[in-house]
$ cat data-v7.pdb   # PDB, C-alpha atoms and all ligand atoms
ATOM      1  CA  MET A   1     -51.633   5.920-137.256
ATOM      2  CA  HIS A   2     -51.575   8.381-140.164
ATOM      3  CA  SER A   3     -54.622  10.176-141.567
ATOM      4  CA  GLU A   4     -56.197   7.614-143.889
ATOM      5  CA  TRP A   5     -57.623  10.297-146.137
ATOM      6  CA  ILE A   6     -54.279  12.045-146.585
ATOM      7  CA  PHE A   7     -52.511   8.744-147.128
ATOM      8  CA  SER A   8     -54.996   7.569-149.768
ATOM      9  CA  GLN A   9     -54.862  10.913-151.581
ATOM     10  CA  ILE A  10     -51.085  10.777-151.866
ATOM     11  CA  GLN A  11     -51.133   7.086-152.829
ATOM     12  CA  THR A  12     -53.280   7.901-155.858
ATOM     13  CA  GLN A  13     -50.684  10.379-157.193
ATOM     14  CA  LYS A  14     -48.320   8.881-159.713
ATOM     15  CA  ILE A  15     -45.037   9.924-158.144
ATOM     16  CA  ILE A  16     -42.215   8.767-160.384
ATOM     17  CA  LYS A  17     -39.607  11.410-159.614
ATOM     18  CA  LYS A  18     -38.467  13.139-156.436
ATOM     19  CA  ILE A  19     -40.988  15.584-155.041
ATOM     20  CA  ASN A  20     -41.021  17.909-152.031
ATOM     21  CA  LEU A  21     -43.849  17.467-149.559
ATOM     22  CA  LEU A  22     -44.486  19.901-146.693
ATOM     23  CA  ASP A  23     -46.182  18.558-143.561
ATOM     24  CA  PHE A  24     -47.370  21.767-141.928
ATOM     25  CA  ALA A  25     -47.632  21.503-138.122
ATOM     26  CA  SER A  26     -46.427  17.937-138.353
ATOM     27  CA  GLY A  27     -46.714  16.957-134.680
ATOM     28  CA  ASN A  28     -45.341  13.544-133.814
ATOM     29  CA  GLY A  29     -44.760  12.834-137.497
ATOM     30  CA  ARG A  30     -47.388  10.159-138.037
ATOM     31  CA  ASN A  31     -48.104  11.499-141.540
ATOM     32  CA  SER A  32     -44.508  12.499-142.407
ATOM     33  CA  ILE A  33     -43.217   9.064-141.434
ATOM     34  CA  SER A  34     -45.861   7.181-143.435
ATOM     35  CA  LEU A  35     -45.518   9.309-146.535
ATOM     36  CA  SER A  36     -41.769   9.813-146.828
ATOM     37  CA  ASN A  37     -39.791   7.574-149.158
ATOM     38  CA  LYS A  38     -36.984   7.869-151.684
ATOM     39  CA  ASN A  39     -39.236   9.884-153.995
ATOM     40  CA  ILE A  40     -41.169  11.873-151.374
ATOM     41  CA  ILE A  41     -38.835  14.178-149.506
ATOM     42  CA  VAL A  42     -40.701  15.587-146.517
ATOM     43  CA  THR A  43     -40.184  18.895-144.767
ATOM     44  CA  ALA A  44     -41.903  18.659-141.403
ATOM     45  CA  ILE A  45     -42.398  21.885-139.480
ATOM     46  CA  ASP A  46     -43.755  22.228-135.968
ATOM     47  CA  LYS A  47     -43.046  24.348-132.907
ATOM     48  CA  ASP A  48     -42.552  21.325-130.660
ATOM     49  CA  GLN A  49     -38.933  20.125-130.769
ATOM     50  CA  GLU A  50     -39.681  17.145-128.540
ATOM     51  CA  LYS A  51     -42.134  15.815-131.110
ATOM     52  CA  LEU A  52     -39.731  16.541-133.978
ATOM     53  CA  ASN A  53     -36.995  14.629-132.154
ATOM     54  CA  LEU A  54     -39.026  11.448-132.681
ATOM     55  CA  TYR A  55     -38.313  11.506-136.431
ATOM     56  CA  LYS A  56     -35.654  14.120-137.119
ATOM     57  CA  ASN A  57     -33.035  11.480-137.971
ATOM     58  CA  LEU A  58     -35.158   9.466-140.380
ATOM     59  CA  SER A  59     -34.188   9.328-144.064
ATOM     60  CA  ASN A  60     -36.078  11.572-146.444
ATOM     61  CA  ILE A  61     -37.443  13.826-143.676
ATOM     62  CA  ASN A  62     -36.113  17.272-142.784
ATOM     63  CA  THR A  63     -37.551  18.717-139.605
ATOM     64  CA  ILE A  64     -37.814  22.408-138.745
ATOM     65  CA  CYS A  65     -38.703  23.684-135.300
ATOM     66  CA  PHE A  66     -40.523  26.973-135.703
ATOM     67  CA  ASP A  67     -43.462  28.871-134.239
ATOM     68  CA  LEU A  68     -45.783  29.439-137.182
ATOM     69  CA  GLU A  69     -47.905  31.974-135.327
ATOM     70  CA  THR A  70     -45.435  34.824-134.862
ATOM     71  CA  LYS A  71     -44.718  37.705-137.229
ATOM     72  CA  GLU A  72     -41.353  36.144-138.094
ATOM     73  CA  GLU A  73     -41.019  35.009-141.685
ATOM     74  CA  TRP A  74     -41.546  31.273-142.151
ATOM     75  CA  PRO A  75     -38.272  29.407-142.873
ATOM     76  CA  LEU A  76     -39.873  27.745-145.888
ATOM     77  CA  VAL A  77     -39.092  28.223-149.561
ATOM     78  CA  GLU A  78     -41.722  29.828-151.790
ATOM     79  CA  GLU A  79     -43.006  27.870-154.799
ATOM     80  CA  TYR A  80     -40.995  24.846-153.685
ATOM     81  CA  TYR A  81     -43.473  22.219-152.529
ATOM     82  CA  ASP A  82     -45.223  19.816-154.880
ATOM     83  CA  ILE A  83     -47.586  18.746-152.109
ATOM     84  CA  ILE A  84     -48.576  20.422-148.850
ATOM     85  CA  ILE A  85     -50.547  18.602-146.178
ATOM     86  CA  VAL A  86     -52.149  20.170-143.132
ATOM     87  CA  VAL A  87     -53.837  17.878-140.643
ATOM     88  CA  ASN A  88     -55.543  18.944-137.429
ATOM     89  CA  TYR A  89     -54.101  22.445-137.357
ATOM     90  CA  LEU A  90     -55.673  25.837-138.007
ATOM     91  CA  TYR A  91     -54.310  29.334-137.569
ATOM     92  CA  ARG A  92     -56.485  31.587-139.673
ATOM     93  CA  PRO A  93     -54.330  34.769-139.695
ATOM     94  CA  SER A  94     -51.610  33.278-141.882
ATOM     95  CA  ILE A  95     -53.060  30.170-143.456
ATOM     96  CA  LYS A  96     -53.378  31.748-146.921
ATOM     97  CA  LYS A  97     -49.586  32.057-147.041
ATOM     98  CA  LEU A  98     -49.504  28.342-147.855
ATOM     99  CA  ILE A  99     -50.539  29.235-151.396
ATOM    100  CA  ASN A 100     -47.187  30.930-152.102
ATOM    101  CA  LEU A 101     -45.288  27.864-150.925
ATOM    102  CA  LEU A 102     -46.855  25.608-153.547
ATOM    103  CA  LYS A 103     -45.198  25.047-156.894
ATOM    104  CA  LYS A 104     -47.285  25.526-160.012
ATOM    105  CA  ASP A 105     -49.452  22.412-160.372
ATOM    106  CA  GLY A 106     -48.793  21.669-156.689
ATOM    107  CA  LEU A 107     -51.455  20.082-154.495
ATOM    108  CA  LEU A 108     -52.792  21.094-151.087
ATOM    109  CA  PHE A 109     -54.553  18.543-148.893
ATOM    110  CA  TYR A 110     -56.174  20.027-145.812
ATOM    111  CA  GLU A 111     -58.039  18.118-143.107
ATOM    112  CA  THR A 112     -59.081  19.466-139.751
ATOM    113  CA  PHE A 113     -61.968  19.698-137.323
ATOM    114  CA  SER A 114     -65.030  21.749-138.076
ATOM    115  CA  ALA A 115     -68.006  23.268-136.310
ATOM    116  CA  GLY A 116     -70.104  20.641-134.592
ATOM    117  CA  ASN A 117     -67.077  18.758-133.323
ATOM    118  CA  GLU A 118     -67.650  20.329-129.877
ATOM    119  CA  LYS A 119     -70.303  17.637-129.261
ATOM    120  CA  TYR A 120     -67.743  14.870-129.552
ATOM    121  CA  GLY A 121     -64.615  16.256-127.909
ATOM    122  CA  SER A 122     -61.601  18.492-128.549
ATOM    123  CA  PRO A 123     -61.089  20.887-130.128
ATOM    124  CA  LYS A 124     -64.085  22.913-128.977
ATOM    125  CA  ASN A 125     -62.619  26.410-129.337
ATOM    126  CA  PRO A 126     -64.106  28.082-132.464
ATOM    127  CA  ASN A 127     -60.603  29.347-133.359
ATOM    128  CA  PHE A 128     -59.715  25.741-134.142
ATOM    129  CA  LEU A 129     -62.965  24.749-135.862
ATOM    130  CA  LEU A 130     -63.634  25.453-139.522
ATOM    131  CA  LYS A 131     -67.016  26.690-140.617
ATOM    132  CA  ASP A 132     -68.784  24.698-143.329
ATOM    133  CA  GLY A 133     -67.299  25.806-146.643
ATOM    134  CA  GLU A 134     -64.447  27.715-145.037
ATOM    135  CA  LEU A 135     -61.551  25.929-146.777
ATOM    136  CA  LEU A 136     -63.231  26.663-150.106
ATOM    137  CA  ASP A 137     -63.594  30.321-149.085
ATOM    138  CA  ILE A 138     -59.953  30.566-147.976
ATOM    139  CA  PHE A 139     -58.278  28.825-150.905
ATOM    140  CA  GLY A 140     -60.874  28.593-153.656
ATOM    141  CA  LYS A 141     -60.095  31.939-155.255
ATOM    142  CA  ASP A 142     -56.400  31.177-155.754
ATOM    143  CA  LEU A 143     -56.390  27.404-156.081
ATOM    144  CA  LEU A 144     -58.564  25.026-158.020
ATOM    145  CA  PRO A 145     -60.767  22.972-155.676
ATOM    146  CA  LEU A 146     -60.523  19.235-156.394
ATOM    147  CA  SER A 147     -62.533  17.769-153.533
ATOM    148  CA  TYR A 148     -64.491  18.903-150.504
ATOM    149  CA  TYR A 149     -66.182  17.189-147.566
ATOM    150  CA  ASN A 150     -67.560  18.551-144.315
ATOM    151  CA  GLY A 151     -69.260  16.239-141.868
ATOM    152  CA  PRO A 152     -68.956  13.276-139.574
ATOM    153  CA  ILE A 153     -65.974  10.997-139.690
ATOM    154  CA  ASN A 154     -65.714   7.889-137.597
ATOM    155  CA  TYR A 155     -62.170   6.755-137.100
ATOM    156  CA  GLY A 156     -62.930   4.692-134.018
ATOM    157  CA  LYS A 157     -64.078   7.944-132.444
ATOM    158  CA  MET A 158     -66.673  10.265-133.941
ATOM    159  CA  ALA A 159     -65.535  13.716-135.087
ATOM    160  CA  ILE A 160     -66.776  16.458-137.379
ATOM    161  CA  LYS A 161     -64.101  17.325-139.903
ATOM    162  CA  GLN A 162     -63.542  19.165-143.125
ATOM    163  CA  ARG A 163     -61.355  17.763-145.871
ATOM    164  CA  ALA A 164     -60.507  19.609-149.036
ATOM    165  CA  SER A 165     -57.923  19.333-151.765
ATOM    166  CA  PHE A 166     -56.760  21.970-154.216
ATOM    167  CA  LYS A 167     -54.443  22.343-157.166
ATOM    168  CA  LYS A 168     -52.354  25.386-157.978
ATOM    169  CA  GLY A 169     -52.788  25.921-161.659
ATOM    170  CA  ALA A 170     -54.258  28.169-164.249
ATOM    171  CA  LEU A 171     -57.541  29.583-163.026
ATOM    172  CA  LYS A 172     -60.326  30.741-165.316
TER     173      LYS A 172
HETATM  174  C1  LIG B 201     -53.203  18.237-133.208
HETATM  175  S1  LIG B 201     -51.513  18.304-133.597
HETATM  176  C2  LIG B 201     -51.522  17.666-135.269
HETATM  177  C3  LIG B 201     -50.192  17.172-135.674
HETATM  178  C4  LIG B 201     -50.118  16.468-137.044
HETATM  179  N1  LIG B 201     -50.467  17.337-138.123
HETATM  180  C5  LIG B 201     -50.978  15.241-137.049
HETATM  181  O1  LIG B 201     -51.981  15.208-137.764
HETATM  182  O2  LIG B 201     -50.654  14.301-136.326
HETATM  183  C6  LIG B 201     -51.224  20.035-133.848
HETATM  184  C7  LIG B 201     -49.772  20.391-133.985
HETATM  185  O3  LIG B 201     -49.668  21.793-134.235
HETATM  186  C8  LIG B 201     -48.507  22.241-133.616
HETATM  187  N2  LIG B 201     -48.602  23.678-133.408
HETATM  188  C9  LIG B 201     -49.514  24.338-132.647
HETATM  189  N3  LIG B 201     -49.252  25.643-132.654
HETATM  190  C10 LIG B 201     -48.151  25.812-133.445
HETATM  191  C11 LIG B 201     -47.401  26.933-133.805
HETATM  192  N4  LIG B 201     -47.695  28.143-133.345
HETATM  193  N5  LIG B 201     -46.337  26.766-134.625
HETATM  194  C12 LIG B 201     -46.011  25.531-135.062
HETATM  195  N6  LIG B 201     -46.684  24.424-134.729
HETATM  196  C13 LIG B 201     -47.747  24.562-133.920
HETATM  197  C14 LIG B 201     -48.462  21.482-132.305
HETATM  198  O4  LIG B 201     -47.154  21.455-131.777
HETATM  199  C15 LIG B 201     -48.954  20.124-132.733
HETATM  200  O5  LIG B 201     -47.889  19.267-133.042
END
$ encode --input "data-v7.pdb" --output "structure tokens" --more "lines below"
Ligand SMILES: C[S@@+](CC[C@H](N)C(=O)[O-])C[C@H]1O[C@@H](n2cnc3c(N)ncnc32)[C@H](O)[C@@H]1O
Amino acid sequence: MHSEWIFSQIQTQKIIKKINLLDFASGNGRNSISLSNKNIIVTAIDKDQEKLNLYKNLSNINTICFDLETKEEWPLVEEYYDIIIVVNYLYRPSIKKLINLLKKDGLLFYETFSAGNEKYGSPKNPNFLLKDGELLDIFGKDLLPLSYYNGPINYGKMAIKQRASFKKGALK
């Protein structure tokens, strides 16, 4: 089942022409598969080829197997994506590079676990847990914040998550 928040955010966009959507660390493709259609062309990147194999032949999805945590340049085109989604993935050293991948007026939707989640289950490692306000700190200087939430989410199982969306546009 896809992330309901991500899905609802994309559903509210009026997409009437073809757009490029990047699913960053796409895993088994639950979000890529739900979101892709004739107007939403998905690039799904993950280091796990076995997971990518589950959806690499589907229409409107291009999969890329790549380790996003090496010094090698990402095989992704700058200023190309209208929408970038990141769900349940965090690698602080290079996460700001997502900004360059967005087109002008492009949207970033980011949802992952945050501090306090340790009480409920994985992840518990602070490297994978955002601090309250951290997505705003990371992206808020270069992108326009549109929404922010940090706190409990119950999707059948309790978790502490942070969700934020941003737009790349003219800043003050
Ligand atoms: C918890 S899963 C989330 C997958 C997907 N975004 C979702 O919400 O279903 C995290 C994903 O990050 C990928 N990942 C972890 N380290 C990575 C790396 N160094 N490079 C690329 N992908 C990585 C894993 O293979 C895994 O599919």
$ residues_near_point --input "data-v7.pdb" --point "(-48.6, 22.6, -151.8)" --cutoff "7 Å" --atoms "all atoms listed in the file" --output "JSON, numbers by chain"
{"A": [81, 82, 83, 84, 99, 101, 102, 103, 106, 107, 108]}
$ write_last_selection --input "data-v7.pdb" --atoms "C-alpha atoms" --output "compact mmCIF listing (two decimals), keeping the file's coordinate frame"
# COMPACT_ATOMS: atom_id res chain seq x y z
CA TYR A 81 -43.47 22.22 -152.53
CA ASP A 82 -45.22 19.82 -154.88
CA ILE A 83 -47.59 18.75 -152.11
CA ILE A 84 -48.58 20.42 -148.85
CA ILE A 99 -50.54 29.24 -151.40
CA LEU A 101 -45.29 27.86 -150.93
CA LEU A 102 -46.86 25.61 -153.55
CA LYS A 103 -45.20 25.05 -156.89
CA GLY A 106 -48.79 21.67 -156.69
CA LEU A 107 -51.46 20.08 -154.50
CA LEU A 108 -52.79 21.09 -151.09
$ residues_near_ligand --input "data-v7.pdb" --ligand "ligand LIG 201 (chain B)" --cutoff "8 Å" --atoms "only C-alpha atoms and all ligand atoms" --output "number ranges by chain"
A: 2-3, 23-31, 45-48, 51, 65-70, 86-89, 91
$ residues_around --input "data-v7.pdb" --residues "Phe128 in chain A" --least-positions-apart "6" --cutoff "10 Å" --atoms "only C-alpha atoms" --output "PyMOL selection string"
chain A and resi 88-92+112-115+122
$ resolve_selection --input "data-v7.pdb" --expression "the PyMOL selection byres (((chain A and resi 120) around 12) and not hetatm)" --output "list in words"
Phe113, Ser114, Ala115, Gly116, Asn117, Glu118, Lys119, Gly121, Ser122, Pro123, Lys124, Pro152, Ile153, Asn154, Lys157, Met158, Ala159, Ile160 and Lys161 of chain A
$ closest_residue --input "data-v7.pdb" --among "A:Ile85, A:Lys96, A:Tyr55, A:Lys141" --to "Ala164 in chain A" --atoms "only C-alpha atoms"
A:Ile85
$ axis_aligned_box --input "data-v7.pdb" --around "range 157-164 of chain A" --padding-each-side "8 Å" --output "AutoDock Vina command-line options"
--center_x -63.6 --center_y 13.8 --center_z -140.7 --size_x 22.3 --size_y 27.7 --size_z 32.6
$ atom_distance --input "data-v7.pdb" --atom1 "CA of Phe166 in chain A" --atom2 "CA of Ser34 in chain A"
21.3 Å
$ atom_distance --input "data-v7.pdb" --atom1 "CA of Glu72 in chain A" --atom2 "CA of Glu50 in chain A"
21.3 Å
$ resolve_selection --input "data-v7.pdb" --expression "the PyMOL selection byres (((chain A and resi 62) around 9) and not hetatm)" --output "list in words"
Ile41, Val42, Thr43, Ala44, Ile45, Tyr55, Lys56, Asn57, Leu58, Ser59, Asn60, Ile61, Thr63 and Ile64 of chain A
$ write_last_selection --input "data-v7.pdb" --atoms "C-alpha atoms" --output "PDB file, in the frame of the given file"
ATOM      1  CA  ILE A  41     -38.835  14.178-149.506  1.00  0.00           C
ATOM      2  CA  VAL A  42     -40.701  15.587-146.517  1.00  0.00           C
ATOM      3  CA  THR A  43     -40.184  18.895-144.767  1.00  0.00           C
ATOM      4  CA  ALA A  44     -41.903  18.659-141.403  1.00  0.00           C
ATOM      5  CA  ILE A  45     -42.398  21.885-139.480  1.00  0.00           C
ATOM      6  CA  TYR A  55     -38.313  11.506-136.431  1.00  0.00           C
ATOM      7  CA  LYS A  56     -35.654  14.120-137.119  1.00  0.00           C
ATOM      8  CA  ASN A  57     -33.035  11.480-137.971  1.00  0.00           C
ATOM      9  CA  LEU A  58     -35.158   9.466-140.380  1.00  0.00           C
ATOM     10  CA  SER A  59     -34.188   9.328-144.064  1.00  0.00           C
ATOM     11  CA  ASN A  60     -36.078  11.572-146.444  1.00  0.00           C
ATOM     12  CA  ILE A  61     -37.443  13.826-143.676  1.00  0.00           C
ATOM     13  CA  THR A  63     -37.551  18.717-139.605  1.00  0.00           C
ATOM     14  CA  ILE A  64     -37.814  22.408-138.745  1.00  0.00           C
TER      15      ILE A  64
END
$ closest_residue --input "data-v7.pdb" --among "A:Leu146, A:Ile95, A:Leu136, A:Leu35" --to "Glu4 in chain A" --atoms "only C-alpha atoms"
A:Leu35
$ closest_residue --input "data-v7.pdb" --among "A:Gln9, A:Leu52, A:Arg163, A:Gly169" --to "Ser32 in chain A" --atoms "all atoms listed in the file"
A:Leu52
$ atom_distance --input "data-v7.pdb" --atom1 "CA of Asp142 in chain A" --atom2 "CA of Pro93 in chain A"
16.6 Å
$ residues_around --input "data-v7.pdb" --residues "Trp5 in chain A" --least-positions-apart "4" --cutoff "10 Å" --atoms "all atoms listed in the file" --output "ChimeraX atom specification"
/A:9-11,109-111,163
